[in-house]
file model16.cif (mmCIF, C-alpha atoms)
data_final
#
loop_
_atom_site.group_PDB
_atom_site.id
_atom_site.type_symbol
_atom_site.label_atom_id
_atom_site.label_comp_id
_atom_site.auth_asym_id
_atom_site.auth_seq_id
_atom_site.Cartn_x
_atom_site.Cartn_y
_atom_site.Cartn_z
ATOM 1 C CA MET S 1 14.799 9.581 -25.146
ATOM 2 C CA ILE S 2 16.837 10.272 -22.006
ATOM 3 C CA ASP S 3 19.900 10.898 -24.147
ATOM 4 C CA VAL S 4 18.011 13.415 -26.269
ATOM 5 C CA VAL S 5 16.709 15.328 -23.255
ATOM 6 C CA SER S 6 20.034 15.398 -21.422
ATOM 7 C CA ALA S 7 21.908 16.389 -24.584
ATOM 8 C CA SER S 8 19.576 19.318 -25.095
ATOM 9 C CA ILE S 9 20.307 20.627 -21.588
ATOM 10 C CA VAL S 10 24.090 20.244 -21.375
ATOM 11 C CA ASN S 11 26.389 19.259 -24.206
ATOM 12 C CA LEU S 12 29.167 17.173 -22.664
ATOM 13 C CA THR S 13 30.874 16.229 -25.918
ATOM 14 C CA HIS S 14 33.289 19.162 -25.907
ATOM 15 C CA PRO S 15 35.979 20.356 -23.490
ATOM 16 C CA GLY S 16 34.709 22.274 -20.477
ATOM 17 C CA HIS S 17 34.774 26.050 -20.210
ATOM 18 C CA TYR S 18 37.228 27.542 -17.742
ATOM 19 C CA LEU S 19 37.576 30.964 -16.172
ATOM 20 C CA HIS S 20 41.029 32.450 -15.566
ATOM 21 C CA TRP S 21 42.138 35.150 -13.139
ATOM 22 C CA GLY S 22 45.929 35.140 -13.140
ATOM 23 C CA PHE S 23 46.983 31.848 -11.557
ATOM 24 C CA ILE S 24 43.402 31.005 -10.565
ATOM 25 C CA GLN S 25 41.630 28.619 -12.926
ATOM 26 C CA LEU S 26 38.060 27.628 -12.246
ATOM 27 C CA SER S 27 35.638 25.682 -14.370
ATOM 28 C CA LEU S 28 32.470 27.478 -15.367
ATOM 29 C CA ALA S 29 30.391 24.644 -13.882
ATOM 30 C CA ASN S 30 32.089 24.971 -10.480
ATOM 31 C CA SER S 31 31.741 28.760 -10.625
ATOM 32 C CA ILE S 32 27.999 28.424 -11.201
ATOM 33 C CA VAL S 33 27.668 26.011 -8.261
ATOM 34 C CA ILE S 34 29.628 28.359 -5.959
ATOM 35 C CA LEU S 35 27.520 31.354 -7.003
ATOM 36 C CA ALA S 36 24.360 29.303 -6.423
ATOM 37 C CA MET S 37 25.597 28.364 -2.938
ATOM 38 C CA LEU S 38 26.293 32.008 -2.107
ATOM 39 C CA ALA S 39 22.839 32.998 -3.382
ATOM 40 C CA VAL S 40 21.110 30.285 -1.334
ATOM 41 C CA PHE S 41 23.164 31.263 1.747
ATOM 42 C CA VAL S 42 22.075 34.896 1.449
ATOM 43 C CA LEU S 43 18.457 33.794 0.988
ATOM 44 C CA ALA S 44 18.758 31.572 4.075
ATOM 45 C CA LEU S 45 19.817 34.633 6.085
ATOM 46 C CA VAL S 46 17.251 37.114 4.809
ATOM 47 C CA LEU S 47 14.136 35.038 4.185
ATOM 48 C CA PRO S 48 11.819 34.837 7.212
ATOM 49 C CA PHE S 49 11.534 31.425 8.803
ATOM 50 C CA ARG S 50 8.051 30.313 9.687
ATOM 51 C CA SER S 51 8.506 29.311 13.304
ATOM 52 C CA GLY S 52 5.277 27.382 13.766
ATOM 53 C CA ARG S 53 2.888 27.399 16.675
ATOM 54 C CA ARG S 54 3.957 29.416 19.686
ATOM 55 C CA SER S 55 3.286 28.160 23.168
ATOM 56 C CA ARG S 56 0.794 29.769 25.508
ATOM 57 C CA ARG S 57 2.052 31.099 28.808
ATOM 58 C CA MET X 1 21.631 -13.140 44.365
ATOM 59 C CA THR X 2 18.480 -11.639 45.719
ATOM 60 C CA ASP X 3 15.139 -12.547 44.241
ATOM 61 C CA THR X 4 13.429 -10.061 42.005
ATOM 62 C CA VAL X 5 11.316 -7.590 43.944
ATOM 63 C CA HIS X 6 8.467 -5.775 42.222
ATOM 64 C CA SER X 7 7.193 -2.923 44.257
ATOM 65 C CA ASP X 8 5.637 0.504 43.834
ATOM 66 C CA SER X 9 7.710 1.842 46.710
ATOM 67 C CA ALA X 10 10.958 3.831 46.286
ATOM 68 C CA PRO X 11 13.830 1.940 44.645
ATOM 69 C CA PRO X 12 16.886 0.931 46.699
ATOM 70 C CA ASN X 13 19.660 3.422 47.303
ATOM 71 C CA GLY X 14 21.592 4.399 44.213
ATOM 72 C CA ALA X 15 19.009 3.209 41.750
ATOM 73 C CA LEU X 16 17.351 5.565 39.306
ATOM 74 C CA PRO X 17 13.602 5.206 38.871
ATOM 75 C CA GLY X 18 12.659 3.889 35.485
ATOM 76 C CA THR X 19 16.099 2.475 34.709
ATOM 77 C CA GLY X 20 15.373 -1.063 35.836
ATOM 78 C CA ASP X 21 17.666 -0.730 38.865
ATOM 79 C CA GLU X 22 14.733 -0.912 41.262
ATOM 80 C CA ASN X 23 14.040 -4.523 40.354
ATOM 81 C CA VAL X 24 16.956 -6.317 42.007
ATOM 82 C CA THR X 25 18.859 -5.134 45.044
ATOM 83 C CA GLY X 26 22.599 -5.015 44.433
ATOM 84 C CA ASP X 27 22.368 -4.900 40.661
ATOM 85 C CA GLU X 28 22.946 -1.161 40.714
ATOM 86 C CA LYS X 29 26.688 -1.861 41.132
ATOM 87 C CA MET X 30 26.948 -4.002 38.016
ATOM 88 C CA TRP X 31 28.714 -2.494 35.013
ATOM 89 C CA THR X 32 25.560 -2.658 32.950
ATOM 90 C CA ALA X 33 23.698 -0.535 35.501
ATOM 91 C CA ARG X 34 26.578 1.922 35.766
ATOM 92 C CA VAL X 35 26.756 2.309 31.976
ATOM 93 C CA ARG X 36 22.978 2.696 31.836
ATOM 94 C CA ARG X 37 23.008 5.395 34.517
ATOM 95 C CA ALA X 38 25.868 7.218 32.781
ATOM 96 C CA ALA X 39 23.958 7.098 29.492
ATOM 97 C CA MET X 40 20.811 8.417 31.184
ATOM 98 C CA ARG X 41 22.770 11.247 32.806
ATOM 99 C CA THR X 42 24.579 12.146 29.566
ATOM 100 C CA LEU X 43 21.679 11.841 27.145
ATOM 101 C CA PRO X 44 18.325 11.753 28.949
ATOM 102 C CA PRO X 45 15.400 10.997 26.616
ATOM 103 C CA ASP X 46 13.965 14.505 26.910
ATOM 104 C CA LYS X 47 17.254 15.885 25.569
ATOM 105 C CA LEU X 48 17.523 13.263 22.846
ATOM 106 C CA LEU X 49 14.047 14.003 21.540
ATOM 107 C CA PRO X 50 12.872 17.341 22.974
ATOM 108 C CA ASP X 51 9.360 18.656 22.408
ATOM 109 C CA ARG X 52 10.439 22.288 22.247
ATOM 110 C CA GLN X 53 13.441 24.282 21.124
ATOM 111 C CA PRO X 54 14.526 27.868 21.840
ATOM 112 C CA SER X 55 13.099 30.403 19.411
ATOM 113 C CA TYR X 56 16.510 31.074 17.825
ATOM 114 C CA VAL X 57 16.535 27.486 16.478
ATOM 115 C CA ALA X 58 13.909 28.667 13.977
ATOM 116 C CA SER X 59 16.504 29.392 11.289
ATOM 117 C CA TRP X 60 17.088 28.147 7.761
ATOM 118 C CA ILE X 61 20.692 27.330 8.684
ATOM 119 C CA TYR X 62 19.511 24.307 10.694
ATOM 120 C CA VAL X 63 17.271 23.225 7.814
ATOM 121 C CA PHE X 64 20.423 22.910 5.734
ATOM 122 C CA GLY X 65 21.940 20.668 8.408
ATOM 123 C CA VAL X 66 18.898 18.395 8.187
ATOM 124 C CA LEU X 67 19.009 18.498 4.372
ATOM 125 C CA THR X 68 22.643 17.371 4.559
ATOM 126 C CA ILE X 69 21.587 14.316 6.551
ATOM 127 C CA ALA X 70 18.740 13.645 4.100
ATOM 128 C CA ALA X 71 21.206 13.748 1.202
ATOM 129 C CA LEU X 72 23.489 11.372 3.122
ATOM 130 C CA VAL X 73 20.630 8.887 3.467
ATOM 131 C CA VAL X 74 20.085 8.972 -0.328
ATOM 132 C CA ILE X 75 23.825 8.586 -0.905
ATOM 133 C CA ILE X 76 23.990 5.509 1.303
ATOM 134 C CA ALA X 77 20.839 3.944 -0.162
ATOM 135 C CA SER X 78 21.930 4.473 -3.788
ATOM 136 C CA GLY X 79 25.474 3.381 -2.914
ATOM 137 C CA VAL X 80 24.167 0.117 -1.473
ATOM 138 C CA VAL X 81 22.331 -0.566 -4.743
ATOM 139 C CA LEU X 82 25.444 0.259 -6.813
ATOM 140 C CA THR X 83 27.579 -2.010 -4.598
ATOM 141 C CA TRP X 84 25.023 -4.764 -4.960
ATOM 142 C CA LYS X 85 24.849 -4.651 -8.762
ATOM 143 C CA GLY X 86 28.423 -3.678 -9.758
ATOM 144 C CA PRO X 87 30.092 -1.548 -12.471
ATOM 145 C CA SER X 88 28.908 -3.554 -15.479
ATOM 146 C CA TRP X 89 25.362 -2.689 -14.380
ATOM 147 C CA TRP X 90 25.813 0.993 -13.507
ATOM 148 C CA HIS X 91 27.683 1.695 -16.769
ATOM 149 C CA VAL X 92 25.390 -0.188 -19.155
ATOM 150 C CA SER X 93 21.776 -0.596 -18.079
ATOM 151 C CA LYS X 94 19.414 2.369 -18.012
ATOM 152 C CA VAL X 95 18.372 1.674 -14.421
ATOM 153 C CA GLY X 96 22.046 1.397 -13.488
ATOM 154 C CA LEU X 97 22.813 4.734 -15.128
ATOM 155 C CA PHE X 98 19.871 6.224 -13.241
ATOM 156 C CA PHE X 99 21.176 4.992 -9.882
ATOM 157 C CA ASN X 100 24.671 6.144 -10.813
ATOM 158 C CA SER X 101 23.264 9.634 -11.425
ATOM 159 C CA ILE X 102 21.240 9.554 -8.203
ATOM 160 C CA HIS X 103 24.440 8.703 -6.312
ATOM 161 C CA LEU X 104 26.375 11.535 -7.997
ATOM 162 C CA TRP X 105 23.738 14.233 -7.582
ATOM 163 C CA SER X 106 22.960 13.337 -3.976
ATOM 164 C CA VAL X 107 26.680 13.823 -3.274
ATOM 165 C CA GLU X 108 26.562 17.205 -5.035
ATOM 166 C CA LEU X 109 23.594 18.226 -2.903
ATOM 167 C CA PHE X 110 25.226 16.794 0.240
ATOM 168 C CA PHE X 111 28.205 19.137 -0.160
ATOM 169 C CA PHE X 112 25.975 22.021 -1.292
ATOM 170 C CA PHE X 113 23.841 21.818 1.855
ATOM 171 C CA MET X 114 26.735 21.014 4.185
ATOM 172 C CA VAL X 115 28.813 24.028 3.093
ATOM 173 C CA ILE X 116 25.865 26.420 3.554
ATOM 174 C CA HIS X 117 25.324 24.934 7.026
ATOM 175 C CA LEU X 118 29.065 25.321 7.692
ATOM 176 C CA TRP X 119 29.101 28.978 6.572
ATOM 177 C CA GLY X 120 26.147 29.781 8.807
ATOM 178 C CA LYS X 121 27.644 28.059 11.844
ATOM 179 C CA PHE X 122 31.027 29.701 11.239
ATOM 180 C CA PHE X 123 29.554 33.203 11.312
ATOM 181 C CA MET X 124 27.513 32.244 14.405
ATOM 182 C CA ALA X 125 30.787 31.112 16.067
ATOM 183 C CA ALA X 126 29.016 27.850 16.853
ATOM 184 C CA TRP X 127 31.872 26.592 19.049
ATOM 185 C CA ARG X 128 30.916 29.005 21.869
ATOM 186 C CA GLY X 129 29.559 27.723 25.182
ATOM 187 C CA ARG X 130 31.395 24.372 25.433
ATOM 188 C CA ARG X 131 30.400 23.407 21.904
ATOM 189 C CA ARG X 132 33.913 22.887 20.544
ATOM 190 C CA ALA X 133 33.334 19.155 20.134
ATOM 191 C CA THR X 134 30.177 19.817 18.118
ATOM 192 C CA TRP X 135 32.113 22.114 15.780
ATOM 193 C CA VAL X 136 35.085 19.747 15.492
ATOM 194 C CA THR X 137 32.927 16.709 14.686
ATOM 195 C CA GLY X 138 31.273 18.767 11.946
ATOM 196 C CA VAL X 139 34.676 19.696 10.530
ATOM 197 C CA VAL X 140 35.762 16.035 10.622
ATOM 198 C CA CYS X 141 32.575 15.079 8.748
ATOM 199 C CA PHE X 142 33.396 17.664 6.079
ATOM 200 C CA VAL X 143 37.036 16.608 5.650
ATOM 201 C CA VAL X 144 36.330 12.859 5.613
ATOM 202 C CA SER X 145 33.456 13.412 3.174
ATOM 203 C CA ILE X 146 35.916 14.996 0.737
ATOM 204 C CA GLY X 147 38.001 11.813 0.932
ATOM 205 C CA ALA X 148 34.893 9.667 0.471
ATOM 206 C CA ALA X 149 33.861 11.657 -2.614
ATOM 207 C CA PHE X 150 37.387 11.514 -4.018
ATOM 208 C CA THR X 151 37.626 7.734 -3.681
ATOM 209 C CA GLY X 152 34.181 7.562 -5.299
ATOM 210 C CA TYR X 153 35.382 9.451 -8.357
ATOM 211 C CA ILE X 154 38.288 7.038 -8.787
ATOM 212 C CA SER X 155 36.027 3.990 -8.268
ATOM 213 C CA GLN X 156 33.855 4.733 -11.288
ATOM 214 C CA GLN X 157 35.719 2.230 -13.506
ATOM 215 C CA ASN X 158 35.997 4.463 -16.574
ATOM 216 C CA PHE X 159 38.557 6.711 -18.302
ATOM 217 C CA ASP X 160 37.579 9.632 -16.109
ATOM 218 C CA SER X 161 38.453 7.718 -12.953
ATOM 219 C CA GLN X 162 41.803 6.625 -14.473
ATOM 220 C CA TRP X 163 42.624 10.230 -15.343
ATOM 221 C CA ILE X 164 41.736 11.449 -11.829
ATOM 222 C CA ALA X 165 43.725 8.620 -10.199
ATOM 223 C CA THR X 166 46.903 9.212 -12.203
ATOM 224 C CA GLN X 167 46.757 12.955 -11.593
ATOM 225 C CA ALA X 168 46.109 12.456 -7.878
ATOM 226 C CA LYS X 169 48.927 9.918 -7.605
ATOM 227 C CA ASP X 170 51.515 12.613 -8.323
ATOM 228 C CA GLY X 171 49.994 14.925 -5.767
ATOM 229 C CA LEU X 172 49.772 12.286 -3.043
ATOM 230 C CA ASN X 173 53.324 11.078 -3.756
ATOM 231 C CA SER X 174 54.561 14.641 -3.379
ATOM 232 C CA VAL X 175 53.199 14.810 0.178
ATOM 233 C CA GLY X 176 54.554 11.364 1.070
ATOM 234 C CA ILE X 177 51.380 9.314 1.505
ATOM 235 C CA GLY X 178 51.237 7.670 -1.926
ATOM 236 C CA ALA X 179 52.581 4.382 -0.537
ATOM 237 C CA PHE X 180 49.866 4.105 2.122
ATOM 238 C CA PHE X 181 46.998 5.554 0.136
ATOM 239 C CA ASN X 182 47.623 4.247 -3.374
ATOM 240 C CA VAL X 183 45.059 5.776 -5.713
ATOM 241 C CA LEU X 184 46.190 3.508 -8.568
ATOM 242 C CA ASN X 185 45.183 0.485 -6.484
ATOM 243 C CA PHE X 186 41.550 0.145 -7.462
ATOM 244 C CA GLY X 187 40.749 -2.535 -4.885
ATOM 245 C CA GLN X 188 42.100 -0.407 -2.049
ATOM 246 C CA MET X 189 40.250 2.716 -3.211
ATOM 247 C CA LEU X 190 36.964 0.866 -3.696
ATOM 248 C CA LEU X 191 37.110 -0.578 -0.177
ATOM 249 C CA TRP X 192 37.973 2.828 1.297
ATOM 250 C CA HIS X 193 35.004 4.232 -0.596
ATOM 251 C CA VAL X 194 32.384 1.615 0.268
ATOM 252 C CA LEU X 195 33.469 0.738 3.817
ATOM 253 C CA LEU X 196 36.068 2.746 5.733
ATOM 254 C CA LEU X 197 35.221 6.337 4.825
ATOM 255 C CA PRO X 198 31.412 5.933 4.903
ATOM 256 C CA ALA X 199 31.737 4.294 8.330
ATOM 257 C CA VAL X 200 33.726 7.270 9.613
ATOM 258 C CA VAL X 201 31.299 9.779 8.088
ATOM 259 C CA ILE X 202 28.256 8.000 9.543
ATOM 260 C CA ALA X 203 29.925 7.683 12.963
ATOM 261 C CA PHE X 204 30.836 11.362 13.116
ATOM 262 C CA VAL X 205 27.463 12.521 11.798
ATOM 263 C CA GLY X 206 25.838 10.475 14.576
ATOM 264 C CA LEU X 207 28.220 11.921 17.150
ATOM 265 C CA HIS X 208 27.580 15.426 15.808
ATOM 266 C CA ILE X 209 23.813 15.001 16.220
ATOM 267 C CA LEU X 210 24.193 13.597 19.750
ATOM 268 C CA LEU X 211 26.402 16.558 20.708
ATOM 269 C CA VAL X 212 23.856 18.979 19.251
ATOM 270 C CA ARG X 213 21.205 17.287 21.399
ATOM 271 C CA ARG X 214 23.378 17.291 24.510
ATOM 272 C CA ARG X 215 24.751 20.840 24.315
ATOM 273 C CA GLY X 216 21.939 22.446 22.350
ATOM 274 C CA VAL X 217 22.561 24.783 19.443
ATOM 275 C CA VAL X 218 24.560 27.920 20.018
ATOM 276 C CA HIS X 219 22.680 30.959 21.305
ATOM 277 C CA PRO X 220 22.780 34.281 19.446
ATOM 278 C CA PHE X 221 25.504 36.798 20.175
ATOM 279 C CA PRO X 222 24.701 39.162 23.041
ATOM 280 C CA ALA X 223 23.607 42.638 22.010
ATOM 281 C CA ARG X 224 26.454 45.103 21.513
ATOM 282 C CA ALA X 225 27.268 47.354 24.440
ATOM 283 C CA ARG X 226 25.501 50.712 24.206
ATOM 284 C CA PRO X 227 26.297 52.671 27.368
ATOM 285 C CA ALA X 228 23.632 55.331 26.903
ATOM 286 C CA ARG X 229 20.788 52.912 26.312
ATOM 287 C CA HIS X 230 19.030 50.075 28.061
ATOM 288 C CA ARG X 231 18.437 46.692 26.633
ATOM 289 C CA ILE X 232 15.535 44.258 27.055
ATOM 290 C CA THR X 233 16.792 40.801 28.037
ATOM 291 C CA GLY X 234 13.462 39.042 28.239
ATOM 292 C CA ALA X 235 13.489 38.988 32.036
ATOM 293 C CA ALA X 236 14.034 42.659 32.817
ATOM 294 C CA THR X 237 15.333 45.847 31.302
ATOM 295 C CA VAL X 238 18.894 46.374 32.456
ATOM 296 C CA PRO X 239 21.830 48.549 31.430
ATOM 297 C CA ASP X 240 24.290 46.766 29.134
ATOM 298 C CA GLU X 241 27.146 46.991 31.621
ATOM 299 C CA ALA X 242 25.064 45.544 34.459
ATOM 300 C CA LEU X 243 25.202 41.985 33.174
ATOM 301 C CA PRO X 244 28.404 39.979 32.740
ATOM 302 C CA SER X 245 28.523 37.906 29.580
ATOM 303 C CA SER X 246 27.854 34.660 31.487
ATOM 304 C CA GLU X 247 24.593 36.054 32.839
ATOM 305 C CA ILE X 248 23.617 37.344 29.436
ATOM 306 C CA GLU X 249 24.014 33.797 28.184
ATOM 307 C CA THR X 250 21.855 32.552 31.054
ATOM 308 C CA VAL X 251 19.149 35.046 30.196
ATOM 309 C CA LEU X 252 19.301 34.110 26.549
ATOM 310 C CA HIS X 253 18.971 30.450 27.432
ATOM 311 C CA LYS X 254 15.737 31.204 29.287
ATOM 312 C CA ASP X 255 13.824 31.510 26.103
ATOM 313 C CA PRO X 256 10.737 33.610 26.748
ATOM 314 C CA GLU X 257 8.687 32.086 23.953
ATOM 315 C CA PRO X 258 9.739 28.597 22.971
ATOM 316 C CA VAL X 259 8.274 27.293 19.760
ATOM 317 C CA ARG X 260 7.411 23.803 18.670
#

call {"tool": "encode", "arguments": {"input": "model16.cif", "output": "structure tokens"}}
result
Amino acid sequence: MIDVVSASIVNLTHPGHYLHWGFIQLSLANSIVILAMLAVFVLALVLPFRSGRRSRR
Amino acid sequence: MTDTVHSDSAPPNGALPGTGDENVTGDEKMWTARVRRAAMRTLPPDKLLPDRQPSYVASWIYVFGVLTIAALVVIIASGVVLTWKGPSWWHVSKVGLFFNSIHLWSVELFFFFMVIHLWGKFFMAAWRGRRRATWVTGVVCFVVSIGAAFTGYISQQNFDSQWIATQAKDGLNSVGIGAFFNVLNFGQMLLWHVLLLPAVVIAFVGLHILLVRRRGVVHPFPARARPARHRITGAATVPDEALPSSEIETVLHKDPEPVR
């Protein structure tokens, strides 16, 4: 069952996909992770942070 | 040796209240008392576990630091189970494969969270205000973690790990460290992975957290100089040029509205 589910998400039985820019070679999987990190970083900067209960003075 | 004295009166000279020094006269010169006093001065309990933080700590960037530590806890816990059961278990049984995946994906998340934390702290210039050691310990954690992950990939005991090891061997030989750090020596790599490198990572993460507690997190950058305007500092409205940078930092440290 686990094999069926995992196989339907990502097929690992073929060579990986790579992106090429001149001498730069980057796997598609790593590119996706880097883009996801950049997206989460931007969200971390722009999304408001709920700061909790403020103290009374 | 003087007998133990229990009293509500002031402790003898040199003793700190609450440190145990007030119990026996003369004990305050012992090395244990001196170490205890130094520890209390360096990391008093209210700094180790403060009730409040400045308002600028309310940022997602620090959440990613905490998430990094959470991922490290999962890495260590799953790694202990893998070490306990061995490769024939993590390659064959379904539970073993599950723990193998947990170990892998917690490492992926560990680096994911740590790099976002690193980016944020880099653009905050987090080494300002005598926080160089905090920054450097974070960098050491990052670099040593790469080594720990690398030795993990070549400790998998499969064709993938053999491929990685033989490719890495050429690279490490080319920089002259192949004889000391032999990636084709499985026993050496496994021990680096399960003992030496995790110990260094855990030690530096602990040191990093203690330094964050001792120095506090870095304050925001002062507002840019605008000669024609006035700026609100929280204490008073003053022209930009009226405050030297050190005083701006002092004002910023006096957080007007601390949050829990």

call {"tool": "resolve_selection", "arguments": {"input": "model16.cif", "expression": "the PyMOL selection byres ((chain X) within 6 of (chain S))", "output": "list in words"}}
result
Ala58, Ser59, Trp60, Ile116 and Val259 of chain X

call {"tool": "axis_aligned_box", "arguments": {"input": "model16.cif", "around": "range 30-36 of chain S", "padding_each_side": "3 Å", "output": "AutoDock Vina command-line options"}}
result
--center_x 28.2 --center_y 28.2 --center_z -8.6 --size_x 13.7 --size_y 12.4 --size_z 11.2

call {"tool": "resolve_selection", "arguments": {"input": "model16.cif", "expression": "the PyMOL selection byres ((chain X and resi 68-83) around 6)", "output": "PyMOL selection string"}}
result
chain X and resi 65-67+84-86+103+106+110+113-114

call {"tool": "resolve_selection", "arguments": {"input": "model16.cif", "expression": "the PyMOL selection byres ((chain X and resi 202) around 10)", "output": "ChimeraX atom specification"}}
result
/X:69,72-73,76,141,145,197-201,203-208

call {"tool": "residues_near_point", "arguments": {"input": "model16.cif", "point": "(35.2, 10.0, -2.8)", "cutoff": "12 Å", "atoms": "all atoms listed in the file", "output": "ChimeraX atom specification"}}
result
/X:75,79,103-104,107-108,111,142-156,161,164-165,183,189-198,201

call {"tool": "residues_around", "arguments": {"input": "model16.cif", "residues": "Leu210 in chain X", "least_positions_apart": "3", "cutoff": "12 Å", "atoms": "only C-alpha atoms", "output": "ChimeraX atom specification"}}
result
/X:39,42-45,47-49,131,133-134,137-138,203-207,213-217

call {"tool": "atom_distance", "arguments": {"input": "model16.cif", "atom1": "CA of Ala125 in chain X", "atom2": "CA of Tyr56 in chain X"}}
result
14.4 Å
